[in-house]
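Peer 1: The structure file final-v5.tsv (TSV, C-alpha atoms) is provided below.
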```
chain	number	residue	atom	x	y	z
A	1	MET	CA	-3.24	-20.05	7.44
A	2	SER	CA	-3.20	-20.61	3.67
A	3	GLU	CA	-0.20	-19.65	1.55
A	4	SER	CA	-2.17	-17.03	-0.34
A	5	HIS	CA	-3.32	-15.47	2.93
A	6	VAL	CA	0.30	-15.29	4.10
A	7	TRP	CA	1.29	-13.67	0.82
A	8	ASP	CA	-1.41	-11.01	1.30
A	9	GLU	CA	-0.34	-10.36	4.89
A	10	VAL	CA	3.32	-10.00	3.93
A	11	ASP	CA	2.46	-7.68	1.03
A	12	THR	CA	0.34	-5.56	3.33
A	13	TYR	CA	3.15	-5.43	5.92
A	14	PHE	CA	5.77	-4.27	3.41
A	15	THR	CA	3.42	-1.85	1.66
A	16	GLU	CA	2.24	-0.17	4.86
A	17	ARG	CA	5.80	0.36	6.05
A	18	LEU	CA	7.68	1.06	2.83
A	19	ALA	CA	5.18	2.21	0.22
A	20	PRO	CA	1.99	3.52	1.84
A	21	ASP	CA	-0.59	5.21	-0.35
A	22	ASP	CA	-0.98	8.93	0.20
A	23	GLU	CA	-4.23	10.73	-0.57
A	24	ALA	CA	-3.56	11.09	-4.30
A	25	LEU	CA	-2.74	7.41	-4.72
A	26	ALA	CA	-5.64	6.27	-2.55
A	27	ALA	CA	-8.02	8.55	-4.45
A	28	ALA	CA	-6.76	7.14	-7.75
A	29	LEU	CA	-7.68	3.65	-6.59
A	30	ARG	CA	-11.07	4.80	-5.24
A	31	ASP	CA	-12.00	6.61	-8.44
A	32	SER	CA	-10.83	3.71	-10.60
A	33	ASP	CA	-12.97	1.34	-8.56
A	34	ALA	CA	-15.98	3.68	-8.68
A	35	ALA	CA	-15.65	3.89	-12.47
A	36	GLY	CA	-15.70	0.12	-12.75
A	37	LEU	CA	-12.13	-0.27	-13.97
A	38	PRO	CA	-10.72	-3.80	-13.57
A	39	HIS	CA	-8.66	-4.45	-10.45
A	40	ILE	CA	-5.44	-5.06	-12.35
A	41	ASN	CA	-3.36	-2.08	-11.24
A	42	VAL	CA	0.02	-2.75	-9.69
A	43	ALA	CA	0.18	-3.14	-5.91
A	44	GLY	CA	1.59	-0.29	-3.83
A	45	ASN	CA	4.91	-1.99	-3.19
A	46	GLN	CA	5.19	-2.72	-6.92
A	47	GLY	CA	4.46	0.92	-7.72
A	48	LYS	CA	7.21	1.94	-5.32
A	49	LEU	CA	9.56	-0.48	-7.10
A	50	LEU	CA	8.78	1.20	-10.42
A	51	GLN	CA	9.49	4.58	-8.86
A	52	LEU	CA	12.81	3.38	-7.45
A	53	LEU	CA	13.81	1.87	-10.78
A	54	ALA	CA	13.06	5.17	-12.50
A	55	GLN	CA	15.08	7.04	-9.88
A	56	ILE	CA	17.99	4.60	-10.18
A	57	GLN	CA	17.89	5.19	-13.93
A	58	GLY	CA	17.90	8.93	-13.39
A	59	ALA	CA	14.97	8.87	-15.80
A	60	ARG	CA	13.96	12.07	-17.53
A	61	HIS	CA	11.74	10.44	-20.15
A	62	ILE	CA	9.41	7.53	-19.37
A	63	LEU	CA	7.07	5.58	-21.63
A	64	GLU	CA	4.19	3.58	-20.17
A	65	ILE	CA	2.15	1.19	-22.30
A	66	GLY	CA	-1.13	0.62	-20.48
A	67	THR	CA	-2.38	3.46	-18.26
A	68	LEU	CA	-5.53	1.98	-16.70
A	69	GLY	CA	-6.51	4.46	-13.95
A	70	GLY	CA	-3.12	6.12	-13.70
A	71	TYR	CA	-2.01	4.53	-10.43
A	72	SER	CA	1.33	3.24	-11.76
A	73	THR	CA	1.63	6.43	-13.80
A	74	ILE	CA	1.61	8.50	-10.62
A	75	TRP	CA	4.32	6.37	-9.02
A	76	LEU	CA	6.50	6.67	-12.12
A	77	ALA	CA	5.92	10.37	-12.73
A	78	ARG	CA	6.96	11.19	-9.17
A	79	ALA	CA	10.44	9.99	-10.05
A	80	LEU	CA	10.81	12.59	-12.80
A	81	PRO	CA	12.56	15.96	-12.52
A	82	ALA	CA	10.54	19.12	-13.04
A	83	ASP	CA	11.37	19.16	-16.76
A	84	GLY	CA	10.77	15.43	-17.26
A	85	ARG	CA	8.13	13.79	-19.42
A	86	LEU	CA	6.01	10.66	-19.19
A	87	VAL	CA	3.96	9.46	-22.14
A	88	SER	CA	1.32	6.88	-21.24
A	89	LEU	CA	-0.64	4.96	-23.87
A	90	GLU	CA	-4.16	3.74	-23.07
A	91	TYR	CA	-6.50	1.86	-25.38
A	92	ASP	CA	-9.78	2.53	-23.57
A	93	PRO	CA	-11.05	6.16	-23.63
A	94	ARG	CA	-13.00	5.59	-20.39
A	95	HIS	CA	-9.89	4.37	-18.60
A	96	ALA	CA	-7.93	7.31	-19.97
A	97	GLU	CA	-10.53	9.79	-18.72
A	98	VAL	CA	-10.27	8.41	-15.20
A	99	ALA	CA	-6.46	8.39	-15.40
A	100	VAL	CA	-6.23	12.00	-16.56
A	101	ARG	CA	-8.32	13.13	-13.58
A	102	ASN	CA	-6.24	11.06	-11.16
A	103	ILE	CA	-2.97	12.36	-12.58
A	104	ALA	CA	-4.17	15.98	-12.41
A	105	ARG	CA	-5.28	15.54	-8.80
A	106	ALA	CA	-1.77	14.29	-8.01
A	107	GLY	CA	-0.38	17.52	-9.50
A	108	LEU	CA	1.45	15.69	-12.29
A	109	ASP	CA	-0.51	16.75	-15.36
A	110	GLN	CA	2.32	19.03	-16.53
A	111	LEU	CA	4.65	16.02	-16.67
A	112	VAL	CA	2.29	13.37	-18.03
A	113	GLU	CA	0.59	13.00	-21.38
A	114	VAL	CA	-2.01	10.26	-21.83
A	115	ARG	CA	-2.58	9.24	-25.44
A	116	VAL	CA	-5.72	7.30	-26.29
A	117	GLY	CA	-5.98	4.52	-28.86
A	118	PRO	CA	-4.39	1.19	-29.75
A	119	ALA	CA	-0.75	1.30	-28.66
A	120	LEU	CA	0.40	-0.27	-31.91
A	121	GLU	CA	-1.01	2.80	-33.66
A	122	SER	CA	0.24	5.31	-31.08
A	123	LEU	CA	3.80	3.93	-31.01
A	124	PRO	CA	4.69	4.60	-34.67
A	125	GLN	CA	3.11	8.04	-34.35
A	126	LEU	CA	5.27	8.68	-31.31
A	127	ALA	CA	8.36	7.45	-33.16
A	128	ASP	CA	7.60	9.85	-36.04
A	129	GLU	CA	7.89	12.72	-33.54
A	130	ASN	CA	11.52	11.70	-32.94
A	131	PRO	CA	11.36	12.10	-29.15
A	132	PRO	CA	14.46	11.84	-26.95
A	133	PRO	CA	15.18	8.20	-26.07
A	134	PHE	CA	13.06	6.95	-23.22
A	135	ASP	CA	15.10	6.04	-20.14
A	136	LEU	CA	12.49	3.59	-18.86
A	137	VAL	CA	9.62	1.78	-20.55
A	138	PHE	CA	6.92	0.07	-18.48
A	139	ILE	CA	4.80	-2.41	-20.43
A	140	ASP	CA	1.53	-3.45	-18.78
A	141	ALA	CA	-1.07	-3.81	-21.51
A	142	ASP	CA	-2.68	-6.58	-23.58
A	143	LYS	CA	-0.34	-9.52	-23.28
A	144	VAL	CA	-0.83	-10.89	-26.78
A	145	ASN	CA	1.06	-7.88	-28.16
A	146	ASN	CA	3.93	-8.05	-25.65
A	147	PRO	CA	6.57	-8.94	-28.27
A	148	HIS	CA	5.51	-5.99	-30.42
A	149	TYR	CA	5.66	-3.68	-27.43
A	150	VAL	CA	9.15	-4.90	-26.57
A	151	GLU	CA	10.28	-4.32	-30.16
A	152	TRP	CA	8.94	-0.77	-30.06
A	153	ALA	CA	10.54	-0.21	-26.67
A	154	VAL	CA	13.94	-1.05	-28.15
A	155	LYS	CA	13.34	1.37	-31.03
A	156	LEU	CA	12.39	4.19	-28.68
A	157	THR	CA	15.25	3.76	-26.18
A	158	SER	CA	19.03	3.85	-26.23
A	159	THR	CA	21.94	2.09	-24.55
A	160	GLY	CA	21.38	1.96	-20.79
A	161	SER	CA	17.60	2.27	-20.94
A	162	LEU	CA	15.47	-0.12	-18.91
A	163	ILE	CA	12.40	-2.05	-20.08
A	164	VAL	CA	10.01	-3.51	-17.49
A	165	LEU	CA	7.51	-6.09	-18.71
A	166	ASP	CA	4.80	-6.86	-16.17
A	167	ASN	CA	2.73	-9.99	-15.51
A	168	VAL	CA	5.02	-12.53	-17.16
A	169	VAL	CA	4.33	-15.55	-14.94
A	170	ARG	CA	0.59	-15.77	-15.65
A	171	GLY	CA	-0.03	-17.85	-12.54
A	172	GLY	CA	2.61	-20.32	-13.71
A	173	ARG	CA	1.02	-20.85	-17.11
A	174	VAL	CA	3.99	-19.28	-18.88
A	175	VAL	CA	5.79	-22.65	-18.79
A	176	ASP	CA	2.95	-24.42	-20.65
A	177	ILE	CA	4.47	-24.85	-24.10
A	178	ASP	CA	1.21	-26.30	-25.42
A	179	SER	CA	-0.94	-23.37	-24.33
A	180	THR	CA	-2.79	-21.50	-27.05
A	181	ALA	CA	-4.00	-18.77	-24.68
A	182	ALA	CA	-3.12	-15.39	-26.14
A	183	ASP	CA	-1.70	-14.02	-22.89
A	184	VAL	CA	0.64	-17.01	-22.56
A	185	THR	CA	1.78	-17.14	-26.19
A	186	GLY	CA	2.33	-13.37	-26.23
A	187	THR	CA	4.33	-13.46	-23.03
A	188	ARG	CA	6.45	-16.44	-24.14
A	189	ALA	CA	7.18	-14.68	-27.43
A	190	ALA	CA	8.30	-11.57	-25.56
A	191	ILE	CA	10.58	-13.59	-23.28
A	192	ASP	CA	12.06	-15.35	-26.32
A	193	LEU	CA	12.60	-11.98	-27.96
A	194	ILE	CA	14.42	-10.63	-24.92
A	195	ALA	CA	16.51	-13.80	-24.70
A	196	GLY	CA	17.65	-13.63	-28.29
A	197	HIS	CA	17.78	-9.90	-28.96
A	198	PRO	CA	21.32	-8.62	-29.56
A	199	ARG	CA	20.54	-5.33	-27.82
A	200	LEU	CA	18.84	-6.70	-24.71
A	201	SER	CA	20.12	-8.27	-21.52
A	202	GLY	CA	17.29	-9.46	-19.34
A	203	THR	CA	15.97	-11.58	-16.53
A	204	ALA	CA	12.62	-12.35	-14.92
A	205	VAL	CA	11.48	-12.52	-11.31
A	206	GLN	CA	8.53	-14.43	-9.83
A	207	THR	CA	6.37	-12.64	-7.27
A	208	VAL	CA	3.59	-13.59	-4.87
A	209	GLY	CA	1.34	-11.29	-2.93
A	210	MET	CA	-1.99	-9.51	-3.01
A	211	LYS	CA	-1.90	-9.73	-6.81
A	212	GLY	CA	-1.51	-13.51	-6.67
A	213	TYR	CA	1.27	-15.48	-8.33
A	214	ASP	CA	2.96	-13.56	-11.11
A	215	GLY	CA	6.18	-11.70	-11.87
A	216	PHE	CA	7.96	-9.30	-14.18
A	217	ALA	CA	10.83	-9.22	-16.64
A	218	LEU	CA	13.58	-6.62	-16.71
A	219	ALA	CA	15.67	-5.91	-19.78
A	220	ARG	CA	18.53	-3.43	-20.18
A	221	VAL	CA	19.26	-2.02	-23.60
A	222	VAL	CA	22.93	-2.63	-24.44
```
Rewrite the structure from the file as structure tokens, please.
Peer 2:
Amino acid sequence: MSESHVWDEVDTYFTERLAPDDEALAAALRDSDAAGLPHINVAGNQGKLLQLLAQIQGARHILEIGTLGGYSTIWLARALPADGRLVSLEYDPRHAEVAVRNIARAGLDQLVEVRVGPALESLPQLADENPPPFDLVFIDADKVNNPHYVEWAVKLTSTGSLIVLDNVVRGGRVVDIDSTAADVTGTRAAIDLIAGHPRLSGTAVQTVGMKGYDGFALARVV
């Protein structure tokens, strides 16, 4: 049995027992697939991790950068209290349309707002609204802009907030200092920013599984 096959089997085992999809989550994946969205959503066990992190934070306000079909959005929004709020930023109007339907089907449309357009345009507009500090920020969008998203996350949070940056390993390419690939240079710049930022304390974790070889970074605002 190949290593990757073992990874998939282990992921499936943990997901089926600890983070199984219910009908709303399964439908979100089906509709995303039917609409031709790329298969880059988080895995079920990763979605459950996001939910647990939000619950550990006692999150009332969550910011997500990169909605896709709303699968991770549903996991995160389910951690919110009845008067909580999740703002999710999505570049592609077609993706956002699918996400809005999926979120409504899950009964979370009163908690979630999906904003359409380039995140680097939406973020300053959001800041101008002077929202309460976000307790958790999940960044899972175009990797070239990762450092900018981390900078905005710091501006829109406060001490004790948590920032989660997804897909930081890039199949191991993150260690290639000579790479000119935008996803690698953007990710390395974000890691360097976290490492040197006076208001961030962070780490990164490698993962393997049905999504291949990757990982995520966690940073606490101090």
Peer 1: Between A:Ile56, A:Lys143, A:Asp214, A:His148, which is the closest to A:Gly186 once you count only C-alpha atoms?
Peer 2: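 Under the stated criterion, the closest residue is A:Lys143.
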Peer 1: Name all residues at most 7 Å from A:Leu68 (count all atoms listed in the file; drop same-chain ones fewer than 6 positions away) and give them as a compact mmCIF listing (two decimals) with C-alpha atoms, keeping the file's coordinate frame.
Peer 2:
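What ended up in part_16.txt:
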```
# COMPACT_ATOMS: atom_id res chain seq x y z
CA GLU A 90 -4.16 3.74 -23.07
CA HIS A 95 -9.89 4.37 -18.60
CA ALA A 96 -7.93 7.31 -19.97
CA ALA A 99 -6.46 8.39 -15.40
```
Peer 1: For atom CA of A:Val174 and atom CA of A:Arg188, quote the distance in Å rounded to one decimal.
Peer 2: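 Computing the Euclidean distance for atom CA of A:Val174 and atom CA of A:Arg188 yields 6.5 Å.
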Peer 1: Counting only C-alpha atoms, which of A:Leu156, A:Val164, A:Val205, A:Ala106 gets nearest to A:Glu23?
Peer 2: A:Ala106
Peer 1: As a PyMOL selection string, please: the residues near stretch 168-171 of chain A (cut-off 12 Å, all atoms listed in the file, same-chain neighbours under 4 positions excluded).
Peer 2: chain A and resi 139-144+146-147+164+175-176+179+181-192+203-209+211-218
Peer 1: Would you list the contacts of A:Leu136 as a PyMOL selection string, taking every protein, DNA or RNA residue within 12 Å and counting all atoms listed in the file, but skipping same-chain residues closer than 3 positions in sequence?
Peer 2: chain A and resi 50-65+76-77+79-80+85-88+132-133+139+150+153-154+156-165+218-221
Peer 1: Atom CA of A:Val42 to atom CA of A:Tyr71: how many Å, to one decimal?
Peer 2: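 Interatomic distance here is 7.6 Å.
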Peer 1: Please determine, counting all atoms listed in the file, which residue among A:Leu25, A:Val222, A:Ala19, A:Val137 has the shortest atom-to-atom distance to A:Gly107.
Peer 2: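 Looking at the shortest contact to A:Gly107, the residue is A:Leu25.
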Peer 1: Restricting the calculation to only C-alpha atoms, which member of A:Leu89, A:Ala195, A:Ala27, A:Leu18 is positioned closest to A:Leu126?
Peer 2: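 Smallest separation from A:Leu126 among the options: A:Leu89.
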Peer 1: Report the distance between atom CA of A:Gly44 and atom CA of A:Pro81 in Å, rounded to one decimal place.
Peer 2: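 If I compute the distance from atom CA of A:Gly44 to atom CA of A:Pro81, I get 21.4 Å.
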Peer 1: Tell me, as a VMD selection string, which residues lie within 9 Å of A:Trp7, counting all atoms listed in the file; anything in the same chain fewer than 2 positions away does not count.
Peer 2: chain A and resid 2 to 5 9 to 12 208 to 210 212
Peer 1: Taking (-10.5, -2.7, -12.7) in the file's own coordinates, collect the residues within 12 Å, counting all atoms listed in the file, and hand them back as a VMD selection string.
Peer 2: chain A and resid 28 to 42 67 to 71 94 to 95 98
Peer 1: Looking at all atoms listed in the file, which of A:Gly172, A:Trp152, A:Asp109, A:Pro20 is the one that sits closest to A:Gln125?
Peer 2: A:Trp152
Peer 1: A:Glu129, A:Asp21, A:Asp92, A:Asp8: which is nearest A:Gly117, counting only C-alpha atoms?
Peer 2: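 Selected residue with least distance to A:Gly117: A:Asp92.
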Peer 1: Would you please take stretch 118-183 of chain A of the structure in the block above and write C-alpha atoms to a file as an mmCIF file, in the first residue's frame?
Peer 2:
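That gives us result32.cif:
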```
data_model
loop_
_atom_site.group_PDB
_atom_site.id
_atom_site.type_symbol
_atom_site.label_atom_id
_atom_site.label_comp_id
_atom_site.auth_asym_id
_atom_site.auth_seq_id
_atom_site.Cartn_x
_atom_site.Cartn_y
_atom_site.Cartn_z
ATOM 1 C CA PRO A 118 -11.117 41.130 -4.552
ATOM 2 C CA ALA A 119 -10.370 40.708 -0.854
ATOM 3 C CA LEU A 120 -7.790 43.490 -0.934
ATOM 4 C CA GLU A 121 -10.638 45.820 -1.902
ATOM 5 C CA SER A 122 -13.182 44.329 0.509
ATOM 6 C CA LEU A 123 -10.839 44.418 3.519
ATOM 7 C CA PRO A 124 -10.316 48.205 3.657
ATOM 8 C CA GLN A 125 -14.051 48.671 3.114
ATOM 9 C CA LEU A 126 -14.698 46.341 6.024
ATOM 10 C CA ALA A 127 -12.184 48.209 8.178
ATOM 11 C CA ASP A 128 -13.944 51.508 7.381
ATOM 12 C CA GLU A 129 -17.092 50.045 8.969
ATOM 13 C CA ASN A 130 -15.186 49.755 12.265
ATOM 14 C CA PRO A 131 -16.495 46.280 13.110
ATOM 15 C CA PRO A 132 -15.831 44.616 16.472
ATOM 16 C CA PRO A 133 -12.463 42.834 16.445
ATOM 17 C CA PHE A 134 -12.633 39.438 14.820
ATOM 18 C CA ASP A 135 -11.898 36.598 17.232
ATOM 19 C CA LEU A 136 -10.746 34.250 14.472
ATOM 20 C CA VAL A 137 -9.555 34.856 10.917
ATOM 21 C CA PHE A 138 -9.299 31.971 8.455
ATOM 22 C CA ILE A 139 -7.199 32.744 5.377
ATOM 23 C CA ASP A 140 -7.626 30.365 2.437
ATOM 24 C CA ALA A 141 -7.451 32.415 -0.743
ATOM 25 C CA ASP A 142 -4.894 33.287 -3.440
ATOM 26 C CA LYS A 143 -1.537 32.513 -1.908
ATOM 27 C CA VAL A 144 0.407 35.332 -3.537
ATOM 28 C CA ASN A 145 -1.463 37.814 -1.332
ATOM 29 C CA ASN A 146 -1.020 35.860 1.907
ATOM 30 C CA PRO A 147 1.228 38.486 3.544
ATOM 31 C CA HIS A 148 -1.308 41.215 2.780
ATOM 32 C CA TYR A 149 -4.106 39.103 4.206
ATOM 33 C CA VAL A 150 -2.111 38.481 7.383
ATOM 34 C CA GLU A 151 -1.454 42.214 7.733
ATOM 35 C CA TRP A 152 -5.159 42.954 7.391
ATOM 36 C CA ALA A 153 -5.988 40.184 9.835
ATOM 37 C CA VAL A 154 -3.820 41.867 12.464
ATOM 38 C CA LYS A 155 -5.549 45.199 11.834
ATOM 39 C CA LEU A 156 -9.002 43.663 12.203
ATOM 40 C CA THR A 157 -8.329 41.641 15.367
ATOM 41 C CA SER A 158 -7.240 42.309 18.936
ATOM 42 C CA THR A 159 -5.122 40.666 21.617
ATOM 43 C CA GLY A 160 -6.065 37.004 21.952
ATOM 44 C CA SER A 161 -7.477 36.639 18.443
ATOM 45 C CA LEU A 162 -6.403 33.678 16.326
ATOM 46 C CA ILE A 163 -5.282 33.725 12.683
ATOM 47 C CA VAL A 164 -5.289 30.472 10.686
ATOM 48 C CA LEU A 165 -3.383 30.466 7.400
ATOM 49 C CA ASP A 166 -4.103 27.413 5.265
ATOM 50 C CA ASN A 167 -2.008 25.540 2.693
ATOM 51 C CA VAL A 168 1.421 26.713 3.814
ATOM 52 C CA VAL A 169 3.477 23.620 2.935
ATOM 53 C CA ARG A 170 2.698 23.627 -0.794
ATOM 54 C CA GLY A 171 3.689 19.985 -1.160
ATOM 55 C CA GLY A 172 7.054 20.781 0.422
ATOM 56 C CA ARG A 173 7.861 23.576 -2.017
ATOM 57 C CA VAL A 174 7.738 26.175 0.752
ATOM 58 C CA VAL A 175 11.376 25.384 1.613
ATOM 59 C CA ASP A 176 12.581 26.163 -1.932
ATOM 60 C CA ILE A 177 14.258 29.526 -1.431
ATOM 61 C CA ASP A 178 14.912 29.830 -5.172
ATOM 62 C CA SER A 179 11.296 29.323 -6.187
ATOM 63 C CA THR A 180 9.647 32.141 -8.104
ATOM 64 C CA ALA A 181 6.199 30.523 -7.998
ATOM 65 C CA ALA A 182 3.703 33.032 -6.663
ATOM 66 C CA ASP A 183 2.098 30.602 -4.220
#
```
